[in-house]
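Chemist: Sharing data_24.json, JSON, C-alpha atoms:
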[["chain", "number", "residue", "atom", "x", "y", "z"],
["A", 10, "MET", "CA", 120.72, 69.69, 65.19],
["A", 11, "GLN", "CA", 121.66, 66.61, 63.20],
["A", 12, "LEU", "CA", 122.92, 64.63, 66.19],
["A", 13, "ALA", "CA", 119.38, 63.71, 67.18],
["A", 14, "VAL", "CA", 118.71, 61.81, 63.97],
["A", 15, "LEU", "CA", 121.91, 59.77, 63.85],
["A", 16, "SER", "CA", 121.34, 56.19, 64.80],
["A", 17, "VAL", "CA", 123.84, 54.30, 66.89],
["A", 18, "SER", "CA", 124.87, 51.27, 64.90],
["A", 19, "THR", "CA", 127.12, 48.27, 65.09],
["A", 20, "ASP", "CA", 130.12, 50.35, 64.01],
["A", 21, "THR", "CA", 131.49, 50.43, 67.56],
["A", 22, "GLU", "CA", 134.48, 48.34, 66.54],
["A", 23, "LYS", "CA", 135.42, 50.65, 63.64],
["A", 24, "THR", "CA", 138.02, 53.33, 64.28],
["A", 25, "ILE", "CA", 138.22, 56.60, 62.36],
["A", 26, "LEU", "CA", 141.37, 58.72, 62.36],
["A", 27, "ILE", "CA", 140.40, 62.39, 62.00],
["A", 28, "VAL", "CA", 143.25, 64.54, 60.70],
["A", 29, "ASP", "CA", 142.61, 68.28, 60.79],
["A", 30, "ASN", "CA", 144.55, 71.23, 62.16],
["A", 31, "GLN", "CA", 141.30, 73.02, 63.12],
["A", 32, "GLN", "CA", 140.96, 71.74, 66.68],
["A", 33, "ARG", "CA", 137.50, 73.19, 67.33],
["A", 34, "GLU", "CA", 136.07, 71.62, 64.16],
["A", 35, "THR", "CA", 137.82, 68.36, 64.94],
["A", 36, "ALA", "CA", 136.31, 68.19, 68.43],
["A", 37, "ALA", "CA", 132.80, 68.69, 67.05],
["A", 38, "LEU", "CA", 133.29, 66.12, 64.30],
["A", 39, "ARG", "CA", 134.69, 63.64, 66.79],
["A", 40, "LYS", "CA", 131.68, 64.04, 69.05],
["A", 41, "GLN", "CA", 129.26, 63.48, 66.17],
["A", 42, "LEU", "CA", 131.09, 60.39, 64.89],
["A", 43, "GLU", "CA", 131.30, 58.88, 68.37],
["A", 44, "PHE", "CA", 127.55, 59.51, 68.78],
["A", 45, "ALA", "CA", 127.08, 57.58, 65.51],
["A", 46, "GLY", "CA", 128.89, 54.62, 67.10],
["A", 47, "PHE", "CA", 132.48, 54.94, 65.87],
["A", 48, "LYS", "CA", 135.71, 55.02, 67.85],
["A", 49, "THR", "CA", 137.92, 57.97, 66.95],
["A", 50, "LEU", "CA", 141.56, 58.96, 66.99],
["A", 51, "LEU", "CA", 142.77, 62.52, 66.42],
["A", 52, "ALA", "CA", 145.80, 64.02, 64.75],
["A", 53, "HIS", "CA", 146.29, 67.73, 64.08],
["A", 54, "THR", "CA", 149.24, 67.38, 61.69],
["A", 55, "GLY", "CA", 150.27, 65.10, 58.85],
["A", 56, "THR", "CA", 153.21, 63.83, 60.85],
["A", 57, "GLY", "CA", 150.89, 63.12, 63.75],
["A", 58, "ALA", "CA", 148.61, 61.19, 61.40],
["A", 59, "ILE", "CA", 151.45, 59.02, 60.15],
["A", 60, "ASN", "CA", 152.50, 58.30, 63.74],
["A", 61, "LYS", "CA", 148.91, 57.34, 64.70],
["A", 62, "ILE", "CA", 148.61, 55.06, 61.66],
["A", 63, "GLU", "CA", 151.85, 53.30, 62.59],
["A", 64, "GLU", "CA", 150.82, 52.92, 66.27],
["A", 65, "HIS", "CA", 147.11, 52.12, 65.89],
["A", 66, "PRO", "CA", 146.04, 51.55, 62.28],
["A", 67, "PRO", "CA", 142.49, 52.91, 61.88],
["A", 68, "ASP", "CA", 139.76, 51.42, 59.74],
["A", 69, "ILE", "CA", 139.36, 54.68, 57.83],
["A", 70, "VAL", "CA", 141.01, 58.13, 57.68],
["A", 71, "LEU", "CA", 139.27, 61.52, 57.38],
["A", 72, "LEU", "CA", 141.98, 63.82, 56.08],
["A", 73, "GLU", "CA", 141.91, 67.61, 55.82],
["A", 74, "VAL", "CA", 143.69, 68.50, 52.58],
["A", 75, "SER", "CA", 145.35, 71.65, 53.96],
["A", 76, "LEU", "CA", 147.66, 70.64, 56.79],
["A", 77, "SER", "CA", 150.17, 72.87, 58.54],
["A", 78, "ASP", "CA", 153.27, 70.66, 58.43],
["A", 79, "ILE", "CA", 153.28, 68.44, 55.34],
["A", 80, "ASP", "CA", 151.17, 68.03, 52.22],
["A", 81, "ALA", "CA", 148.17, 65.83, 52.98],
["A", 82, "LEU", "CA", 148.96, 63.76, 49.90],
["A", 83, "GLU", "CA", 152.20, 62.70, 51.63],
["A", 84, "VAL", "CA", 149.99, 61.07, 54.26],
["A", 85, "VAL", "CA", 148.00, 59.36, 51.50],
["A", 86, "SER", "CA", 151.23, 58.23, 49.84],
["A", 87, "PHE", "CA", 152.47, 56.80, 53.15],
["A", 88, "ILE", "CA", 149.26, 54.80, 53.52],
["A", 89, "ARG", "CA", 149.20, 53.56, 49.93],
["A", 90, "ASN", "CA", 152.88, 52.49, 50.04],
["A", 91, "ASP", "CA", 152.62, 50.67, 53.39],
["A", 92, "SER", "CA", 151.77, 47.02, 52.73],
["A", 93, "LYS", "CA", 149.88, 46.54, 56.01],
["A", 94, "ASN", "CA", 147.84, 49.76, 55.69],
["A", 95, "CYS", "CA", 147.47, 50.26, 51.93],
["A", 96, "LEU", "CA", 143.79, 49.31, 51.88],
["A", 97, "ILE", "CA", 142.69, 51.86, 54.50],
["A", 98, "PRO", "CA", 140.08, 54.13, 52.89],
["A", 99, "VAL", "CA", 141.04, 57.81, 52.94],
["A", 100, "LEU", "CA", 138.28, 60.41, 52.74],
["A", 101, "ALA", "CA", 139.61, 63.90, 52.01],
["A", 102, "MET", "CA", 137.90, 67.07, 53.20],
["A", 103, "SER", "CA", 138.40, 70.73, 52.44],
["A", 104, "ALA", "CA", 136.51, 74.00, 52.26],
["A", 105, "LEU", "CA", 138.09, 74.51, 48.83],
["A", 106, "PRO", "CA", 136.08, 72.75, 46.10],
["A", 107, "HIS", "CA", 139.00, 72.72, 43.65],
["A", 108, "MET", "CA", 140.86, 70.32, 45.99],
["A", 109, "LYS", "CA", 138.51, 67.48, 45.05],
["A", 110, "ASP", "CA", 140.27, 66.54, 41.82],
["A", 111, "ARG", "CA", 143.72, 66.82, 43.40],
["A", 112, "SER", "CA", 142.67, 64.64, 46.32],
["A", 113, "LEU", "CA", 141.09, 61.92, 44.22],
["A", 114, "ARG", "CA", 144.02, 61.86, 41.80],
["A", 115, "GLY", "CA", 146.36, 61.67, 44.80],
["A", 116, "GLY", "CA", 144.85, 58.42, 46.03],
["A", 117, "CYS", "CA", 141.93, 59.44, 48.25],
["A", 118, "ASN", "CA", 138.79, 57.32, 48.00],
["A", 119, "ASP", "CA", 136.31, 60.17, 48.41],
["A", 120, "PHE", "CA", 136.10, 63.92, 49.01],
["A", 121, "PHE", "CA", 133.87, 66.10, 51.21],
["A", 122, "GLN", "CA", 133.52, 69.83, 50.91],
["A", 123, "LYS", "CA", 133.30, 71.69, 54.22],
["A", 124, "PRO", "CA", 131.11, 72.44, 55.98],
["A", 125, "ILE", "CA", 130.44, 68.72, 56.24],
["A", 126, "LYS", "CA", 126.92, 67.39, 56.44],
["A", 127, "ILE", "CA", 127.27, 64.75, 59.13],
["A", 128, "LEU", "CA", 124.49, 62.49, 57.87],
["A", 129, "ASP", "CA", 126.11, 62.30, 54.42],
["A", 130, "LEU", "CA", 129.53, 61.73, 55.98],
["A", 131, "VAL", "CA", 128.34, 58.88, 58.18],
["A", 132, "ALA", "CA", 126.57, 57.21, 55.25],
["A", 133, "ARG", "CA", 129.67, 57.45, 53.05],
["A", 134, "ILE", "CA", 131.93, 56.23, 55.87],
["A", 135, "ARG", "CA", 129.73, 53.19, 56.33],
["A", 136, "LYS", "CA", 129.77, 52.57, 52.58],
["A", 137, "ALA", "CA", 133.57, 52.84, 52.43],
["A", 138, "LEU", "CA", 133.92, 50.38, 55.32],
["A", 139, "ARG", "CA", 131.90, 47.63, 53.59]]
What does this structure look like when you write it as structure tokens?
Modeler:
Amino acid sequence: MQLAVLSVSTDTEKTILIVDNQQRETAALRKQLEFAGFKTLLAHTGTGAINKIEEHPPDIVLLEVSLSDIDALEVVSFIRNDSKNCLIPVLAMSALPHMKDRSLRGGCNDFFQKPIKILDLVARIRKALR
């Protein structure tokens, strides 16, 4: 299990908003990221993500490309057009490899294909937060 090799770091002040309609996957990802030293917020819809960003702007967003209520790129557009949140890094994720180009063209900073390798994700989150 990869949890054992994650090191707790000084990222305890960094907050990650995880946006994914797959609640079981989200719970597991949240646990792993918290073990790595991050604070997390959850949203299971695009609308929920926008509300969380308005209430408690995160340091970074992990965004599932296929959401149940609105297109995930609407969430990205909201972030990019909001002057106080426009610099928040957005890392897209999907099981569908063809979503990479669409996500990056739509304003995401990075893309992860599911299933996510947690060690790679944590390294790329830390890089995006620098």
Chemist: Please provide the set of residues having any atom within 12 Å of Val70 (chain A), restricted to all atoms listed in the file, with same-chain residues fewer than 2 positions apart removed, written as a tab-separated table (two decimals) with C-alpha atoms, keeping the file's coordinate frame.
Modeler:
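Contents of the output file part_27.tsv:
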chain	number	residue	atom	x	y	z
A	23	LYS	CA	135.42	50.65	63.64
A	24	THR	CA	138.02	53.33	64.28
A	25	ILE	CA	138.22	56.60	62.36
A	26	LEU	CA	141.37	58.72	62.36
A	27	ILE	CA	140.40	62.39	62.00
A	28	VAL	CA	143.25	64.54	60.70
A	29	ASP	CA	142.61	68.28	60.79
A	48	LYS	CA	135.71	55.02	67.85
A	49	THR	CA	137.92	57.97	66.95
A	50	LEU	CA	141.56	58.96	66.99
A	51	LEU	CA	142.77	62.52	66.42
A	52	ALA	CA	145.80	64.02	64.75
A	55	GLY	CA	150.27	65.10	58.85
A	58	ALA	CA	148.61	61.19	61.40
A	59	ILE	CA	151.45	59.02	60.15
A	61	LYS	CA	148.91	57.34	64.70
A	62	ILE	CA	148.61	55.06	61.66
A	65	HIS	CA	147.11	52.12	65.89
A	66	PRO	CA	146.04	51.55	62.28
A	67	PRO	CA	142.49	52.91	61.88
A	68	ASP	CA	139.76	51.42	59.74
A	72	LEU	CA	141.98	63.82	56.08
A	73	GLU	CA	141.91	67.61	55.82
A	74	VAL	CA	143.69	68.50	52.58
A	81	ALA	CA	148.17	65.83	52.98
A	84	VAL	CA	149.99	61.07	54.26
A	85	VAL	CA	148.00	59.36	51.50
A	88	ILE	CA	149.26	54.80	53.52
A	94	ASN	CA	147.84	49.76	55.69
A	95	CYS	CA	147.47	50.26	51.93
A	96	LEU	CA	143.79	49.31	51.88
A	97	ILE	CA	142.69	51.86	54.50
A	98	PRO	CA	140.08	54.13	52.89
A	99	VAL	CA	141.04	57.81	52.94
A	100	LEU	CA	138.28	60.41	52.74
A	101	ALA	CA	139.61	63.90	52.01
A	102	MET	CA	137.90	67.07	53.20
A	117	CYS	CA	141.93	59.44	48.25
A	118	ASN	CA	138.79	57.32	48.00
A	119	ASP	CA	136.31	60.17	48.41
A	120	PHE	CA	136.10	63.92	49.01
A	134	ILE	CA	131.93	56.23	55.87
A	137	ALA	CA	133.57	52.84	52.43
A	138	LEU	CA	133.92	50.38	55.32
Chemist: Under the rule of at most 12 Å, produce a per-residue listing of region 42-92 of chain A near region 124-128 of chain A: chain, number, name, the closest pair of atoms, and the distance in Å, as a Markdown table, using all atoms listed in the file.
Modeler:
| residue | atom | partner | partner_atom | distance |
| --- | --- | --- | --- | --- |
| A:Leu42 | CA | A:Ile127 | CA | 8.2 |
| A:Glu43 | CA | A:Ile127 | CA | 11.7 |
| A:Phe44 | CA | A:Ile127 | CA | 11.0 |
| A:Ala45 | CA | A:Leu128 | CA | 9.4 |
| A:Leu71 | CA | A:Ile125 | CA | 11.5 |
| A:Glu73 | CA | A:Ile125 | CA | 11.5 |
Chemist: From the list A:Ile69, A:Arg114, A:Pro106, A:Leu82, which residue is nearest Arg133 (chain A) when using all atoms listed in the file?
Modeler: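 Checking each candidate against Arg133 (chain A), we get A:Ile69 as the closest.
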Chemist: Between A:Gly116, A:His53, A:Asn60, A:Ala104, which residue has the minimum interatomic distance to Ala36 (chain A), considering only C-alpha atoms?
Modeler: A:His53
Chemist: Provide the CA of Ser75 (chain A) to CA of Ser103 (chain A) distance in Å, to one decimal place.
Modeler: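 Answer for the CA of Ser75 (chain A) to CA of Ser103 (chain A) separation: 7.2 Å.
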Chemist: Do you have the CA of Glu22 (chain A)-CA of Glu64 (chain A) distance handy?
Modeler: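 Atom-to-atom, CA of Glu22 (chain A) and CA of Glu64 (chain A) are spaced 17.0 Å apart.
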Chemist: Using only C-alpha atoms, which of the listed residues (A:Glu63, A:Thr56, A:Ala132, A:His107) sits closest to Asp91 (chain A)?
Modeler: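 Under the stated criterion, the closest residue is A:Glu63.
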Chemist: Figure out the distance between CA of Leu105 (chain A) and CA of Gly46 (chain A), please, to one decimal in Å.
Modeler: 28.5 Å
Chemist: Between A:Asn30, A:Ser86, A:Ser92, A:Gln122, which is the closest to Gly57 (chain A) once you count all atoms listed in the file?
Modeler: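 Among the listed residues, the smallest separation from Gly57 (chain A) belongs to A:Asn30.
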Chemist: Rank nothing, just name the residue among A:Arg39, A:Gln31, A:Arg89, A:Leu113 nearest to Ser77 (chain A), using only C-alpha atoms.
Modeler: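 Counting only C-alpha atoms, the residue closest to Ser77 (chain A) is A:Gln31.
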Chemist: Export region 123-136 of chain A, all heavy atoms, as a PDB file, in the first residue's frame; it's the structure right above.
Modeler:
ATOM      1  N   LYS A 123      -6.951   8.230 -14.331  1.00  0.00           N
ATOM      2  CA  LYS A 123      -7.305   7.287 -13.278  1.00  0.00           C
ATOM      3  C   LYS A 123      -7.046   5.871 -13.750  1.00  0.00           C
ATOM      4  O   LYS A 123      -7.210   5.604 -14.929  1.00  0.00           O
ATOM      5  CB  LYS A 123      -8.786   7.448 -12.900  1.00  0.00           C
ATOM      6  CG  LYS A 123      -9.093   8.734 -12.198  1.00  0.00           C
ATOM      7  CD  LYS A 123     -10.578   8.774 -11.857  1.00  0.00           C
ATOM      8  CE  LYS A 123     -10.958   9.985 -11.062  1.00  0.00           C
ATOM      9  NZ  LYS A 123     -12.391   9.999 -10.742  1.00  0.00           N
ATOM     10  N   PRO A 124      -6.679   4.956 -12.906  1.00  0.00           N
ATOM     11  CA  PRO A 124      -6.505   5.151 -11.469  1.00  0.00           C
ATOM     12  C   PRO A 124      -5.251   5.976 -11.190  1.00  0.00           C
ATOM     13  O   PRO A 124      -4.225   5.846 -11.861  1.00  0.00           O
ATOM     14  CB  PRO A 124      -6.372   3.737 -10.912  1.00  0.00           C
ATOM     15  CG  PRO A 124      -5.891   2.917 -12.061  1.00  0.00           C
ATOM     16  CD  PRO A 124      -6.437   3.569 -13.299  1.00  0.00           C
ATOM     17  N   ILE A 125      -5.354   6.827 -10.190  1.00  0.00           N
ATOM     18  CA  ILE A 125      -4.283   7.754  -9.855  1.00  0.00           C
ATOM     19  C   ILE A 125      -3.225   7.057  -9.010  1.00  0.00           C
ATOM     20  O   ILE A 125      -3.549   6.331  -8.075  1.00  0.00           O
ATOM     21  CB  ILE A 125      -4.860   8.973  -9.102  1.00  0.00           C
ATOM     22  CG1 ILE A 125      -5.724   9.787 -10.067  1.00  0.00           C
ATOM     23  CG2 ILE A 125      -3.759   9.823  -8.500  1.00  0.00           C
ATOM     24  CD1 ILE A 125      -6.464  10.927  -9.419  1.00  0.00           C
ATOM     25  N   LYS A 126      -1.990   7.303  -9.340  1.00  0.00           N
ATOM     26  CA  LYS A 126      -0.871   6.838  -8.528  1.00  0.00           C
ATOM     27  C   LYS A 126      -0.579   7.947  -7.517  1.00  0.00           C
ATOM     28  O   LYS A 126      -0.129   9.033  -7.895  1.00  0.00           O
ATOM     29  CB  LYS A 126       0.343   6.553  -9.401  1.00  0.00           C
ATOM     30  CG  LYS A 126       0.098   5.410 -10.363  1.00  0.00           C
ATOM     31  CD  LYS A 126       1.269   5.207 -11.283  1.00  0.00           C
ATOM     32  CE  LYS A 126       0.925   4.091 -12.249  1.00  0.00           C
ATOM     33  NZ  LYS A 126       1.738   4.136 -13.440  1.00  0.00           N
ATOM     34  N   ILE A 127      -0.861   7.670  -6.262  1.00  0.00           N
ATOM     35  CA  ILE A 127      -0.825   8.708  -5.235  1.00  0.00           C
ATOM     36  C   ILE A 127       0.544   9.369  -5.101  1.00  0.00           C
ATOM     37  O   ILE A 127       0.623  10.578  -4.884  1.00  0.00           O
ATOM     38  CB  ILE A 127      -1.344   8.177  -3.873  1.00  0.00           C
ATOM     39  CG1 ILE A 127      -1.573   9.328  -2.889  1.00  0.00           C
ATOM     40  CG2 ILE A 127      -0.421   7.126  -3.317  1.00  0.00           C
ATOM     41  CD1 ILE A 127      -2.647  10.293  -3.277  1.00  0.00           C
ATOM     42  N   LEU A 128       1.602   8.622  -5.229  1.00  0.00           N
ATOM     43  CA  LEU A 128       2.934   9.228  -5.095  1.00  0.00           C
ATOM     44  C   LEU A 128       3.187  10.253  -6.199  1.00  0.00           C
ATOM     45  O   LEU A 128       3.729  11.330  -5.942  1.00  0.00           O
ATOM     46  CB  LEU A 128       4.023   8.153  -5.097  1.00  0.00           C
ATOM     47  CG  LEU A 128       3.984   7.184  -3.915  1.00  0.00           C
ATOM     48  CD1 LEU A 128       5.063   6.117  -4.061  1.00  0.00           C
ATOM     49  CD2 LEU A 128       4.132   7.919  -2.602  1.00  0.00           C
ATOM     50  N   ASP A 129       2.784   9.925  -7.419  1.00  0.00           N
ATOM     51  CA  ASP A 129       2.918  10.878  -8.528  1.00  0.00           C
ATOM     52  C   ASP A 129       2.036  12.098  -8.299  1.00  0.00           C
ATOM     53  O   ASP A 129       2.455  13.231  -8.536  1.00  0.00           O
ATOM     54  CB  ASP A 129       2.536  10.224  -9.857  1.00  0.00           C
ATOM     55  CG  ASP A 129       3.515   9.156 -10.296  1.00  0.00           C
ATOM     56  OD1 ASP A 129       4.675   9.169  -9.826  1.00  0.00           O
ATOM     57  OD2 ASP A 129       3.113   8.293 -11.108  1.00  0.00           O
ATOM     58  N   LEU A 130       0.816  11.868  -7.836  1.00  0.00           N
ATOM     59  CA  LEU A 130      -0.110  12.971  -7.587  1.00  0.00           C
ATOM     60  C   LEU A 130       0.450  13.921  -6.543  1.00  0.00           C
ATOM     61  O   LEU A 130       0.462  15.138  -6.744  1.00  0.00           O
ATOM     62  CB  LEU A 130      -1.476  12.433  -7.148  1.00  0.00           C
ATOM     63  CG  LEU A 130      -2.515  13.489  -6.782  1.00  0.00           C
ATOM     64  CD1 LEU A 130      -2.851  14.377  -7.979  1.00  0.00           C
ATOM     65  CD2 LEU A 130      -3.772  12.835  -6.234  1.00  0.00           C
ATOM     66  N   VAL A 131       0.912  13.389  -5.432  1.00  0.00           N
ATOM     67  CA  VAL A 131       1.446  14.244  -4.367  1.00  0.00           C
ATOM     68  C   VAL A 131       2.649  15.043  -4.867  1.00  0.00           C
ATOM     69  O   VAL A 131       2.759  16.244  -4.601  1.00  0.00           O
ATOM     70  CB  VAL A 131       1.796  13.416  -3.112  1.00  0.00           C
ATOM     71  CG1 VAL A 131       2.594  14.233  -2.113  1.00  0.00           C
ATOM     72  CG2 VAL A 131       0.521  12.886  -2.466  1.00  0.00           C
ATOM     73  N   ALA A 132       3.523  14.413  -5.626  1.00  0.00           N
ATOM     74  CA  ALA A 132       4.687  15.125  -6.163  1.00  0.00           C
ATOM     75  C   ALA A 132       4.260  16.257  -7.087  1.00  0.00           C
ATOM     76  O   ALA A 132       4.804  17.375  -7.010  1.00  0.00           O
ATOM     77  CB  ALA A 132       5.601  14.146  -6.899  1.00  0.00           C
ATOM     78  N   ARG A 133       3.285  16.010  -7.938  1.00  0.00           N
ATOM     79  CA  ARG A 133       2.837  17.041  -8.882  1.00  0.00           C
ATOM     80  C   ARG A 133       2.021  18.120  -8.190  1.00  0.00           C
ATOM     81  O   ARG A 133       2.057  19.287  -8.603  1.00  0.00           O
ATOM     82  CB  ARG A 133       2.106  16.383 -10.037  1.00  0.00           C
ATOM     83  CG  ARG A 133       3.148  15.662 -10.925  1.00  0.00           C
ATOM     84  CD  ARG A 133       2.595  14.655 -11.850  1.00  0.00           C
ATOM     85  NE  ARG A 133       1.840  15.180 -12.963  1.00  0.00           N
ATOM     86  CZ  ARG A 133       1.246  14.406 -13.867  1.00  0.00           C
ATOM     87  NH1 ARG A 133       1.343  13.097 -13.790  1.00  0.00           N
ATOM     88  NH2 ARG A 133       0.563  14.933 -14.856  1.00  0.00           N
ATOM     89  N   ILE A 134       1.305  17.775  -7.125  1.00  0.00           N
ATOM     90  CA  ILE A 134       0.618  18.800  -6.331  1.00  0.00           C
ATOM     91  C   ILE A 134       1.642  19.731  -5.701  1.00  0.00           C
ATOM     92  O   ILE A 134       1.516  20.951  -5.766  1.00  0.00           O
ATOM     93  CB  ILE A 134      -0.271  18.158  -5.243  1.00  0.00           C
ATOM     94  CG1 ILE A 134      -1.504  17.519  -5.871  1.00  0.00           C
ATOM     95  CG2 ILE A 134      -0.677  19.201  -4.194  1.00  0.00           C
ATOM     96  CD1 ILE A 134      -2.323  16.676  -4.900  1.00  0.00           C
ATOM     97  N   ARG A 135       2.661  19.144  -5.091  1.00  0.00           N
ATOM     98  CA  ARG A 135       3.689  19.962  -4.446  1.00  0.00           C
ATOM     99  C   ARG A 135       4.395  20.864  -5.469  1.00  0.00           C
ATOM    100  O   ARG A 135       4.691  22.019  -5.184  1.00  0.00           O
ATOM    101  CB  ARG A 135       4.681  19.071  -3.708  1.00  0.00           C
ATOM    102  CG  ARG A 135       4.060  18.470  -2.464  1.00  0.00           C
ATOM    103  CD  ARG A 135       5.022  17.605  -1.683  1.00  0.00           C
ATOM    104  NE  ARG A 135       4.361  17.145  -0.461  1.00  0.00           N
ATOM    105  CZ  ARG A 135       4.561  15.969   0.091  1.00  0.00           C
ATOM    106  NH1 ARG A 135       5.417  15.117  -0.437  1.00  0.00           N
ATOM    107  NH2 ARG A 135       3.919  15.633   1.189  1.00  0.00           N
ATOM    108  N   LYS A 136       4.627  20.334  -6.656  1.00  0.00           N
ATOM    109  CA  LYS A 136       5.251  21.143  -7.712  1.00  0.00           C
ATOM    110  C   LYS A 136       4.336  22.300  -8.118  1.00  0.00           C
ATOM    111  O   LYS A 136       4.792  23.433  -8.273  1.00  0.00           O
ATOM    112  CB  LYS A 136       5.569  20.262  -8.922  1.00  0.00           C
ATOM    113  CG  LYS A 136       6.248  21.003 -10.040  1.00  0.00           C
ATOM    114  CD  LYS A 136       6.559  20.092 -11.207  1.00  0.00           C
ATOM    115  CE  LYS A 136       7.195  20.886 -12.335  1.00  0.00           C
ATOM    116  NZ  LYS A 136       7.444  20.043 -13.507  1.00  0.00           N
TER     117      LYS A 136
END
